[in-house]
Amino acid sequence: MIPKEIIKRLRCPACGESVDEAGLQGGIQCSAGHRYGMRDGYLDCSPGAVSEGSTERTFASFGFEWNNFDEVRDEDEGFAEVYFRDLDLASLDGKVGLDAGCGKGRYTRFLAQHLGASAALDGSTAVEAAARNLADLPSVLVVKSDLRAAPFAPGSFDFISSLGVLHHLDDPQEGFNRLLDLLAPDGRILLYLYSRPPTFGLRALALGLAAALRKVTVRLPHRVLKVVSAPIATFLYYGVVVPGEYGDRHGMAALAGLPMDAYRGKPLRSLVLDTFDRLSAPVEHRYVWEELAPWFTEAGMVVDAARDETGWFILAHRR
């Protein structure tokens, strides 16, 4: 069963008409007869044609990633606390939400505890992992679709999250504007976007080295990169993360100031996943705030919170 609040908001990808559930076979159908079926627990609204260029490669990368790192793990709740720190979760009660670029559904699952109903959207085969991880939540529908052509009516959602997604698009601001089309009056949006330091320092040097490495790794077969990511992550974990933890415990400012503090207290496997993530995606944009602020101003959005913790966490609402 598709949640009623999501059915009301779904629109036919072909003609834009309202839809109903398609009887015993599952899926949806519009008045013009266009049908989109349920497949392995998700609603398939993706186009028949294969996406071209960087979009195809991006979908292939994340499809592989989330079906190979598909478990929802204990440490994900700790990461969720960082992502949603600026959001009053109690205010989501009864609201309808969209997780745009849901991956394996780990943050959709966290949000579903607070929302009345929600849609988990992804353009890649990551929806297969998301459907498995969210199968026990009747208030959630997993949908396969590019967020730039999401099959929903304008103004559908009270809350939209898009975490670690827009910076992998060729034109991230275009993706941002497409999401705002789906945001209801007084609705809120939460984004996570990669940042870059405004001045040169240790982090800027590390990002420069990573960018040079990415020129090679984005060309590797995903299965090879998965193997390669483990020793790289192990080196970073024991060479940077563990010394940083030691500095925290013993008040040693030089060590405590090391980067990658988000992984302190987390298992090595989290860094293995994120190493693959950073080295596999074919497109990556990074921002300083002066580049992002005009997005919100031009769209008439009010920024409620913006913090850079090796990435921009931005909460905003429509005027």
# chains A, B, ... in the order shown; residues from 1 in each chain; ligands from 1
$ residues_around --residues "Trp295 (chain A)" --least-positions-apart "3" --cutoff "12 Å" --atoms "only C-alpha atoms" --output "PyMOL selection string"
chain A and resi 172-177+180+287+289-292+298-303+314+316
$ write_last_selection --atoms "C-alpha atoms" --output "short mmCIF file (atom, residue, chain, number, x, y, z; two decimals), in the first residue's frame"
data_model
loop_
_atom_site.label_atom_id
_atom_site.label_comp_id
_atom_site.auth_asym_id
_atom_site.auth_seq_id
_atom_site.Cartn_x
_atom_site.Cartn_y
_atom_site.Cartn_z
CA PRO A 172 23.69 21.98 -8.27
CA GLN A 173 21.69 25.23 -8.18
CA GLU A 174 19.32 23.86 -10.82
CA GLY A 175 18.72 20.83 -8.58
CA PHE A 176 18.14 23.14 -5.62
CA ASN A 177 15.53 25.12 -7.56
CA LEU A 180 12.09 24.27 -4.05
CA TYR A 287 31.50 25.84 -1.76
CA TRP A 289 29.19 30.50 1.95
CA GLU A 290 29.45 33.53 -0.33
CA GLU A 291 28.70 31.22 -3.27
CA LEU A 292 25.70 29.53 -1.62
CA GLU A 298 17.29 34.66 -5.27
CA ALA A 299 14.74 32.00 -4.34
CA GLY A 300 13.15 34.11 -1.61
CA MET A 301 14.20 31.68 1.11
CA VAL A 302 15.10 32.57 4.70
CA VAL A 303 18.16 30.80 6.08
CA ILE A 314 21.81 24.56 5.87
CA ALA A 316 15.94 27.33 5.45
#
$ residues_around --residues "Ala281 (chain A)" --least-positions-apart "4" --cutoff "10 Å" --atoms "only C-alpha atoms" --output "list in words"
Ser54, Arg57, Thr58, Phe59, Ala60, Ser61, Phe62, Glu65, His168, Leu169, Arg214, Thr217, Val218, Arg219, Phe276 and Asp277 of chain A
$ closest_residue --among "A:Val72, A:Leu115, A:Val82, A:Ala184" --to "Asn133 (chain A)" --atoms "only C-alpha atoms"
A:Val72
$ closest_residue --among "A:Ile160, A:Val242, A:Val142, A:Leu258" --to "Gly103 (chain A)" --atoms "only C-alpha atoms"
A:Val142
$ closest_residue --among "A:Leu193, A:Ile7, A:Ala126, A:Ala32" --to "Phe64 (chain A)" --atoms "only C-alpha atoms"
A:Ala126
$ residues_around --residues "Asp308 (chain A)" --least-positions-apart "3" --cutoff "9 Å" --atoms "only C-alpha atoms" --output "tab-separated table (two decimals) with N, CA and C atoms, in the first residue's frame"
chain	number	residue	atom	x	y	z
A	194	TYR	N	29.07	19.89	0.23
A	194	TYR	CA	30.50	19.93	0.49
A	194	TYR	C	30.98	21.38	0.59
A	195	SER	N	31.91	21.62	1.48
A	195	SER	CA	32.51	22.95	1.62
A	195	SER	C	33.99	22.89	1.24
A	288	VAL	N	32.18	27.86	-0.66
A	288	VAL	CA	32.23	28.77	0.48
A	288	VAL	C	30.86	29.42	0.57
A	289	TRP	N	30.55	30.00	1.73
A	289	TRP	CA	29.19	30.50	1.95
A	289	TRP	C	28.80	31.60	0.98
A	311	GLY	N	31.61	20.64	5.79
A	311	GLY	CA	30.48	20.60	4.86
A	311	GLY	C	29.41	21.53	5.39
A	312	TRP	N	28.60	22.09	4.47
A	312	TRP	CA	27.58	23.05	4.86
A	312	TRP	C	26.28	22.34	5.23
A	313	PHE	N	25.83	22.55	6.46
A	313	PHE	CA	24.53	22.12	6.92
A	313	PHE	C	23.63	23.35	6.92
A	314	ILE	N	22.61	23.35	6.06
A	314	ILE	CA	21.81	24.56	5.87
A	314	ILE	C	20.34	24.23	6.05
$ atom_distance --atom1 "CA of Val216 (chain A)" --atom2 "CA of Val228 (chain A)"
11.8 Å
$ closest_residue --among "A:Val240, A:Ala254, A:Leu163, A:Leu268" --to "Ile189 (chain A)" --atoms "only C-alpha atoms"
A:Leu163
$ residues_around --residues "Gly37 (chain A)" --least-positions-apart "5" --cutoff "9 Å" --atoms "only C-alpha atoms" --output "PyMOL selection string"
chain A and resi 22+25-29+42-45
$ write_last_selection --atoms "N, CA and C atoms" --output "PDB file, in the first residue's frame"
ATOM      1  N   ALA A  22      -2.777   1.275  -8.679  1.00  0.00           N
ATOM      2  CA  ALA A  22      -3.133   0.445  -9.831  1.00  0.00           C
ATOM      3  C   ALA A  22      -3.587  -0.956  -9.407  1.00  0.00           C
ATOM      4  N   GLN A  25      -2.108  -5.278  -8.853  1.00  0.00           N
ATOM      5  CA  GLN A  25      -0.753  -5.390  -9.382  1.00  0.00           C
ATOM      6  C   GLN A  25       0.202  -4.373  -8.760  1.00  0.00           C
ATOM      7  N   GLY A  26      -0.319  -3.442  -8.027  1.00  0.00           N
ATOM      8  CA  GLY A  26       0.522  -2.438  -7.391  1.00  0.00           C
ATOM      9  C   GLY A  26       0.934  -1.342  -8.348  1.00  0.00           C
ATOM     10  N   GLY A  27       1.573  -0.327  -7.819  1.00  0.00           N
ATOM     11  CA  GLY A  27       1.999   0.790  -8.631  1.00  0.00           C
ATOM     12  C   GLY A  27       0.911   1.831  -8.751  1.00  0.00           C
ATOM     13  N   ILE A  28       1.050   2.705  -9.766  1.00  0.00           N
ATOM     14  CA  ILE A  28       0.105   3.799  -9.954  1.00  0.00           C
ATOM     15  C   ILE A  28      -0.327   3.871 -11.412  1.00  0.00           C
ATOM     16  N   GLN A  29      -1.468   4.528 -11.632  1.00  0.00           N
ATOM     17  CA  GLN A  29      -1.980   4.746 -12.979  1.00  0.00           C
ATOM     18  C   GLN A  29      -2.712   6.072 -13.015  1.00  0.00           C
ATOM     19  N   TYR A  42       9.883  -0.745  -4.414  1.00  0.00           N
ATOM     20  CA  TYR A  42       9.914   0.682  -4.734  1.00  0.00           C
ATOM     21  C   TYR A  42       9.060   0.962  -5.963  1.00  0.00           C
ATOM     22  N   LEU A  43       8.581   2.203  -6.064  1.00  0.00           N
ATOM     23  CA  LEU A  43       7.800   2.644  -7.211  1.00  0.00           C
ATOM     24  C   LEU A  43       8.751   3.149  -8.285  1.00  0.00           C
ATOM     25  N   ASP A  44       8.724   2.530  -9.435  1.00  0.00           N
ATOM     26  CA  ASP A  44       9.674   2.861 -10.503  1.00  0.00           C
ATOM     27  C   ASP A  44       9.075   3.926 -11.421  1.00  0.00           C
ATOM     28  N   CYS A  45       9.512   5.171 -11.236  1.00  0.00           N
ATOM     29  CA  CYS A  45       9.084   6.289 -12.084  1.00  0.00           C
ATOM     30  C   CYS A  45      10.236   6.803 -12.923  1.00  0.00           C
TER      31      CYS A  45
END
$ select_by_dssp --residues "region 217-267 of chain A" --states "helix (DSSP H, G or I)" --output "number ranges by chain"
A: 217, 222-250, 253-256, 261-263
$ select_by_dssp --residues "region 29-153 of chain A" --states "strand (DSSP E or B)" --output "list in words"
Gln29, Cys30, Arg35, Tyr36, Met38, Arg39, Tyr42, Leu43, Asp44, Val96, Gly97, Leu98, Asp99, Ala100, Ala117, Ser118, Ala119, Ala120, Leu121, Asp122, Val140, Leu141, Val142, Val143, Lys144 and Phe152 of chain A
$ write_last_selection --atoms "N, CA and C atoms" --output "PDB file, in the first residue's frame"
ATOM      1  N   GLN A  29      -1.468   4.528 -11.632  1.00  0.00           N
ATOM      2  CA  GLN A  29      -1.980   4.746 -12.979  1.00  0.00           C
ATOM      3  C   GLN A  29      -2.712   6.072 -13.015  1.00  0.00           C
ATOM      4  N   CYS A  30      -2.491   6.843 -14.095  1.00  0.00           N
ATOM      5  CA  CYS A  30      -3.185   8.122 -14.245  1.00  0.00           C
ATOM      6  C   CYS A  30      -4.408   7.932 -15.136  1.00  0.00           C
ATOM      7  N   ARG A  35       1.006   3.845 -16.666  1.00  0.00           N
ATOM      8  CA  ARG A  35       1.176   3.020 -15.470  1.00  0.00           C
ATOM      9  C   ARG A  35       2.652   2.958 -15.068  1.00  0.00           C
ATOM     10  N   TYR A  36       2.870   2.949 -13.766  1.00  0.00           N
ATOM     11  CA  TYR A  36       4.218   2.819 -13.203  1.00  0.00           C
ATOM     12  C   TYR A  36       4.130   1.813 -12.074  1.00  0.00           C
ATOM     13  N   MET A  38       5.286  -1.119  -9.062  1.00  0.00           N
ATOM     14  CA  MET A  38       6.141  -1.403  -7.915  1.00  0.00           C
ATOM     15  C   MET A  38       7.120  -2.503  -8.316  1.00  0.00           C
ATOM     16  N   ARG A  39       8.364  -2.314  -7.943  1.00  0.00           N
ATOM     17  CA  ARG A  39       9.391  -3.282  -8.298  1.00  0.00           C
ATOM     18  C   ARG A  39      10.321  -3.464  -7.102  1.00  0.00           C
ATOM     19  N   TYR A  42       9.883  -0.745  -4.414  1.00  0.00           N
ATOM     20  CA  TYR A  42       9.914   0.682  -4.734  1.00  0.00           C
ATOM     21  C   TYR A  42       9.060   0.962  -5.963  1.00  0.00           C
ATOM     22  N   LEU A  43       8.581   2.203  -6.064  1.00  0.00           N
ATOM     23  CA  LEU A  43       7.800   2.644  -7.211  1.00  0.00           C
ATOM     24  C   LEU A  43       8.751   3.149  -8.285  1.00  0.00           C
ATOM     25  N   ASP A  44       8.724   2.530  -9.435  1.00  0.00           N
ATOM     26  CA  ASP A  44       9.674   2.861 -10.503  1.00  0.00           C
ATOM     27  C   ASP A  44       9.075   3.926 -11.421  1.00  0.00           C
ATOM     28  N   VAL A  96       4.466  15.996   5.997  1.00  0.00           N
ATOM     29  CA  VAL A  96       4.821  15.105   4.898  1.00  0.00           C
ATOM     30  C   VAL A  96       6.177  15.539   4.354  1.00  0.00           C
ATOM     31  N   GLY A  97       7.106  14.576   4.262  1.00  0.00           N
ATOM     32  CA  GLY A  97       8.480  14.911   3.903  1.00  0.00           C
ATOM     33  C   GLY A  97       8.987  14.170   2.684  1.00  0.00           C
ATOM     34  N   LEU A  98      10.055  14.701   2.128  1.00  0.00           N
ATOM     35  CA  LEU A  98      10.750  14.104   0.988  1.00  0.00           C
ATOM     36  C   LEU A  98      12.232  14.042   1.310  1.00  0.00           C
ATOM     37  N   ASP A  99      12.814  12.850   1.166  1.00  0.00           N
ATOM     38  CA  ASP A  99      14.260  12.693   1.261  1.00  0.00           C
ATOM     39  C   ASP A  99      14.771  12.529  -0.161  1.00  0.00           C
ATOM     40  N   ALA A 100      15.335  13.585  -0.726  1.00  0.00           N
ATOM     41  CA  ALA A 100      15.720  13.624  -2.139  1.00  0.00           C
ATOM     42  C   ALA A 100      17.170  13.198  -2.291  1.00  0.00           C
ATOM     43  N   ALA A 117       4.187  11.115   7.035  1.00  0.00           N
ATOM     44  CA  ALA A 117       4.396  10.293   5.846  1.00  0.00           C
ATOM     45  C   ALA A 117       5.584  10.867   5.092  1.00  0.00           C
ATOM     46  N   SER A 118       6.245  10.039   4.301  1.00  0.00           N
ATOM     47  CA  SER A 118       7.406  10.536   3.576  1.00  0.00           C
ATOM     48  C   SER A 118       7.671   9.716   2.326  1.00  0.00           C
ATOM     49  N   ALA A 119       8.368  10.356   1.386  1.00  0.00           N
ATOM     50  CA  ALA A 119       8.834   9.710   0.164  1.00  0.00           C
ATOM     51  C   ALA A 119      10.352   9.719   0.177  1.00  0.00           C
ATOM     52  N   ALA A 120      10.932   8.575  -0.179  1.00  0.00           N
ATOM     53  CA  ALA A 120      12.379   8.436  -0.297  1.00  0.00           C
ATOM     54  C   ALA A 120      12.701   8.311  -1.777  1.00  0.00           C
ATOM     55  N   LEU A 121      13.396   9.298  -2.316  1.00  0.00           N
ATOM     56  CA  LEU A 121      13.600   9.408  -3.763  1.00  0.00           C
ATOM     57  C   LEU A 121      15.064   9.223  -4.112  1.00  0.00           C
ATOM     58  N   ASP A 122      15.334   8.417  -5.144  1.00  0.00           N
ATOM     59  CA  ASP A 122      16.700   8.305  -5.653  1.00  0.00           C
ATOM     60  C   ASP A 122      16.632   7.895  -7.115  1.00  0.00           C
ATOM     61  N   VAL A 140       6.251   5.198   4.591  1.00  0.00           N
ATOM     62  CA  VAL A 140       7.296   5.614   3.647  1.00  0.00           C
ATOM     63  C   VAL A 140       7.106   4.923   2.300  1.00  0.00           C
ATOM     64  N   LEU A 141       7.222   5.703   1.216  1.00  0.00           N
ATOM     65  CA  LEU A 141       7.255   5.147  -0.134  1.00  0.00           C
ATOM     66  C   LEU A 141       8.613   5.455  -0.750  1.00  0.00           C
ATOM     67  N   VAL A 142       9.265   4.424  -1.269  1.00  0.00           N
ATOM     68  CA  VAL A 142      10.526   4.596  -1.990  1.00  0.00           C
ATOM     69  C   VAL A 142      10.212   4.757  -3.470  1.00  0.00           C
ATOM     70  N   VAL A 143      10.776   5.795  -4.091  1.00  0.00           N
ATOM     71  CA  VAL A 143      10.487   6.128  -5.494  1.00  0.00           C
ATOM     72  C   VAL A 143      11.796   6.253  -6.260  1.00  0.00           C
ATOM     73  N   LYS A 144      11.860   5.589  -7.413  1.00  0.00           N
ATOM     74  CA  LYS A 144      13.029   5.744  -8.279  1.00  0.00           C
ATOM     75  C   LYS A 144      12.755   6.833  -9.308  1.00  0.00           C
ATOM     76  N   PHE A 152       6.005  14.501  -8.499  1.00  0.00           N
ATOM     77  CA  PHE A 152       5.149  15.052  -7.454  1.00  0.00           C
ATOM     78  C   PHE A 152       4.610  16.410  -7.877  1.00  0.00           C
TER      79      PHE A 152
END
$ residues_around --residues "His114 (chain A)" --least-positions-apart "2" --cutoff "12 Å" --atoms "only C-alpha atoms" --output "ChimeraX atom specification"
/A:84,87-97,107-112,116-118,139-140,159
$ write_last_selection --atoms "N, CA and C atoms" --output "JSON list (two decimals), in the first residue's frame"
[["chain", "number", "residue", "atom", "x", "y", "z"],
["A", 84, "PHE", "N", 20.89, 16.69, 11.68],
["A", 84, "PHE", "CA", 19.60, 17.27, 12.05],
["A", 84, "PHE", "C", 19.67, 18.13, 13.31],
["A", 87, "LEU", "N", 17.46, 21.25, 13.45],
["A", 87, "LEU", "CA", 16.04, 21.04, 13.14],
["A", 87, "LEU", "C", 15.28, 20.62, 14.40],
["A", 88, "ASP", "N", 14.16, 21.29, 14.65],
["A", 88, "ASP", "CA", 13.27, 20.89, 15.74],
["A", 88, "ASP", "C", 12.47, 19.69, 15.25],
["A", 89, "LEU", "N", 12.91, 18.49, 15.63],
["A", 89, "LEU", "CA", 12.29, 17.28, 15.11],
["A", 89, "LEU", "C", 10.82, 17.16, 15.52],
["A", 90, "ALA", "N", 10.48, 17.68, 16.71],
["A", 90, "ALA", "CA", 9.09, 17.60, 17.16],
["A", 90, "ALA", "C", 8.16, 18.38, 16.24],
["A", 91, "SER", "N", 8.70, 19.39, 15.56],
["A", 91, "SER", "CA", 7.87, 20.21, 14.67],
["A", 91, "SER", "C", 7.49, 19.47, 13.39],
["A", 92, "LEU", "N", 8.07, 18.30, 13.15],
["A", 92, "LEU", "CA", 7.74, 17.51, 11.97],
["A", 92, "LEU", "C", 6.52, 16.63, 12.18],
["A", 93, "ASP", "N", 6.01, 16.59, 13.36],
["A", 93, "ASP", "CA", 4.90, 15.70, 13.68],
["A", 93, "ASP", "C", 3.71, 15.94, 12.73],
["A", 94, "GLY", "N", 3.28, 14.88, 12.05],
["A", 94, "GLY", "CA", 2.15, 14.98, 11.13],
["A", 94, "GLY", "C", 2.47, 15.57, 9.77],
["A", 95, "LYS", "N", 3.70, 16.03, 9.57],
["A", 95, "LYS", "CA", 4.09, 16.64, 8.30],
["A", 95, "LYS", "C", 4.43, 15.58, 7.26],
["A", 96, "VAL", "N", 4.47, 16.00, 6.00],
["A", 96, "VAL", "CA", 4.82, 15.11, 4.90],
["A", 96, "VAL", "C", 6.18, 15.54, 4.35],
["A", 97, "GLY", "N", 7.11, 14.58, 4.26],
["A", 97, "GLY", "CA", 8.48, 14.91, 3.90],
["A", 97, "GLY", "C", 8.99, 14.17, 2.68],
["A", 107, "TYR", "N", 18.88, 7.93, 6.51],
["A", 107, "TYR", "CA", 18.34, 9.15, 7.11],
["A", 107, "TYR", "C", 16.83, 9.25, 6.90],
["A", 108, "THR", "N", 16.33, 8.64, 5.84],
["A", 108, "THR", "CA", 14.87, 8.54, 5.70],
["A", 108, "THR", "C", 14.30, 7.81, 6.91],
["A", 109, "ARG", "N", 14.97, 6.74, 7.29],
["A", 109, "ARG", "CA", 14.51, 5.94, 8.43],
["A", 109, "ARG", "C", 14.49, 6.76, 9.71],
["A", 110, "PHE", "N", 15.51, 7.57, 9.92],
["A", 110, "PHE", "CA", 15.57, 8.44, 11.08],
["A", 110, "PHE", "C", 14.42, 9.43, 11.07],
["A", 111, "LEU", "N", 14.18, 10.07, 9.92],
["A", 111, "LEU", "CA", 13.14, 11.08, 9.82],
["A", 111, "LEU", "C", 11.74, 10.49, 9.94],
["A", 112, "ALA", "N", 11.57, 9.26, 9.47],
["A", 112, "ALA", "CA", 10.25, 8.63, 9.48],
["A", 112, "ALA", "C", 9.68, 8.49, 10.89],
["A", 116, "GLY", "N", 4.72, 12.38, 9.48],
["A", 116, "GLY", "CA", 3.49, 11.62, 9.30],
["A", 116, "GLY", "C", 3.58, 10.67, 8.13],
["A", 117, "ALA", "N", 4.19, 11.12, 7.03],
["A", 117, "ALA", "CA", 4.40, 10.29, 5.85],
["A", 117, "ALA", "C", 5.58, 10.87, 5.09],
["A", 118, "SER", "N", 6.24, 10.04, 4.30],
["A", 118, "SER", "CA", 7.41, 10.54, 3.58],
["A", 118, "SER", "C", 7.67, 9.72, 2.33],
["A", 139, "SER", "N", 4.61, 4.15, 6.48],
["A", 139, "SER", "CA", 4.42, 5.56, 6.18],
["A", 139, "SER", "C", 5.38, 6.08, 5.11],
["A", 140, "VAL", "N", 6.25, 5.20, 4.59],
["A", 140, "VAL", "CA", 7.30, 5.61, 3.65],
["A", 140, "VAL", "C", 7.11, 4.92, 2.30],
["A", 159, "PHE", "N", 8.44, 19.37, 4.35],
["A", 159, "PHE", "CA", 9.86, 19.29, 4.70],
["A", 159, "PHE", "C", 10.59, 18.49, 3.64]]
$ closest_residue --among "A:Thr310, A:His167, A:Asp146, A:Asp304" --to "Met260 (chain A)" --atoms "only C-alpha atoms"
A:Thr310
$ closest_residue --among "A:Phe296, A:Tyr83, A:Phe157, A:Phe200" --to "Gly187 (chain A)" --atoms "only C-alpha atoms"
A:Phe157
$ decode --residues "region 302-317 of chain A" --atoms "N, CA and C atoms" --output "mmCIF file, in the first residue's frame"
data_model
loop_
_atom_site.group_PDB
_atom_site.id
_atom_site.type_symbol
_atom_site.label_atom_id
_atom_site.label_comp_id
_atom_site.auth_asym_id
_atom_site.auth_seq_id
_atom_site.Cartn_x
_atom_site.Cartn_y
_atom_site.Cartn_z
ATOM 1 N N VAL A 302 14.472 32.041 3.488
ATOM 2 C CA VAL A 302 15.096 32.567 4.700
ATOM 3 C C VAL A 302 15.969 31.472 5.298
ATOM 4 N N VAL A 303 17.239 31.771 5.498
ATOM 5 C CA VAL A 303 18.162 30.804 6.081
ATOM 6 C C VAL A 303 18.045 30.866 7.596
ATOM 7 N N ASP A 304 17.679 29.750 8.203
ATOM 8 C CA ASP A 304 17.530 29.674 9.649
ATOM 9 C C ASP A 304 18.824 29.254 10.338
ATOM 10 N N ALA A 305 19.636 28.461 9.667
ATOM 11 C CA ALA A 305 20.907 28.013 10.235
ATOM 12 C C ALA A 305 21.829 27.610 9.102
ATOM 13 N N ALA A 306 23.098 27.952 9.248
ATOM 14 C CA ALA A 306 24.111 27.544 8.273
ATOM 15 C C ALA A 306 25.429 27.373 9.021
ATOM 16 N N ARG A 307 25.939 26.168 9.018
ATOM 17 C CA ARG A 307 27.203 25.902 9.708
ATOM 18 C C ARG A 307 28.081 25.026 8.822
ATOM 19 N N ASP A 308 29.363 25.284 8.893
ATOM 20 C CA ASP A 308 30.333 24.523 8.112
ATOM 21 C C ASP A 308 31.123 23.632 9.056
ATOM 22 N N GLU A 309 30.856 22.344 8.993
ATOM 23 C CA GLU A 309 31.630 21.345 9.738
ATOM 24 C C GLU A 309 32.176 20.360 8.722
ATOM 25 N N THR A 310 33.181 20.821 7.952
ATOM 26 C CA THR A 310 33.712 20.116 6.782
ATOM 27 C C THR A 310 32.617 19.848 5.762
ATOM 28 N N GLY A 311 31.605 20.642 5.787
ATOM 29 C CA GLY A 311 30.480 20.597 4.863
ATOM 30 C C GLY A 311 29.410 21.530 5.387
ATOM 31 N N TRP A 312 28.605 22.087 4.469
ATOM 32 C CA TRP A 312 27.576 23.048 4.860
ATOM 33 C C TRP A 312 26.280 22.344 5.232
ATOM 34 N N PHE A 313 25.834 22.553 6.455
ATOM 35 C CA PHE A 313 24.527 22.116 6.924
ATOM 36 C C PHE A 313 23.634 23.354 6.924
ATOM 37 N N ILE A 314 22.615 23.350 6.062
ATOM 38 C CA ILE A 314 21.814 24.562 5.866
ATOM 39 C C ILE A 314 20.338 24.229 6.048
ATOM 40 N N LEU A 315 19.689 24.948 6.956
ATOM 41 C CA LEU A 315 18.258 24.829 7.158
ATOM 42 C C LEU A 315 17.620 26.151 6.764
ATOM 43 N N ALA A 316 16.589 26.103 5.910
ATOM 44 C CA ALA A 316 15.941 27.325 5.446
ATOM 45 C C ALA A 316 14.444 27.081 5.282
ATOM 46 N N HIS A 317 13.688 28.179 5.255
ATOM 47 C CA HIS A 317 12.246 28.063 5.044
ATOM 48 C C HIS A 317 11.792 29.077 4.001
#
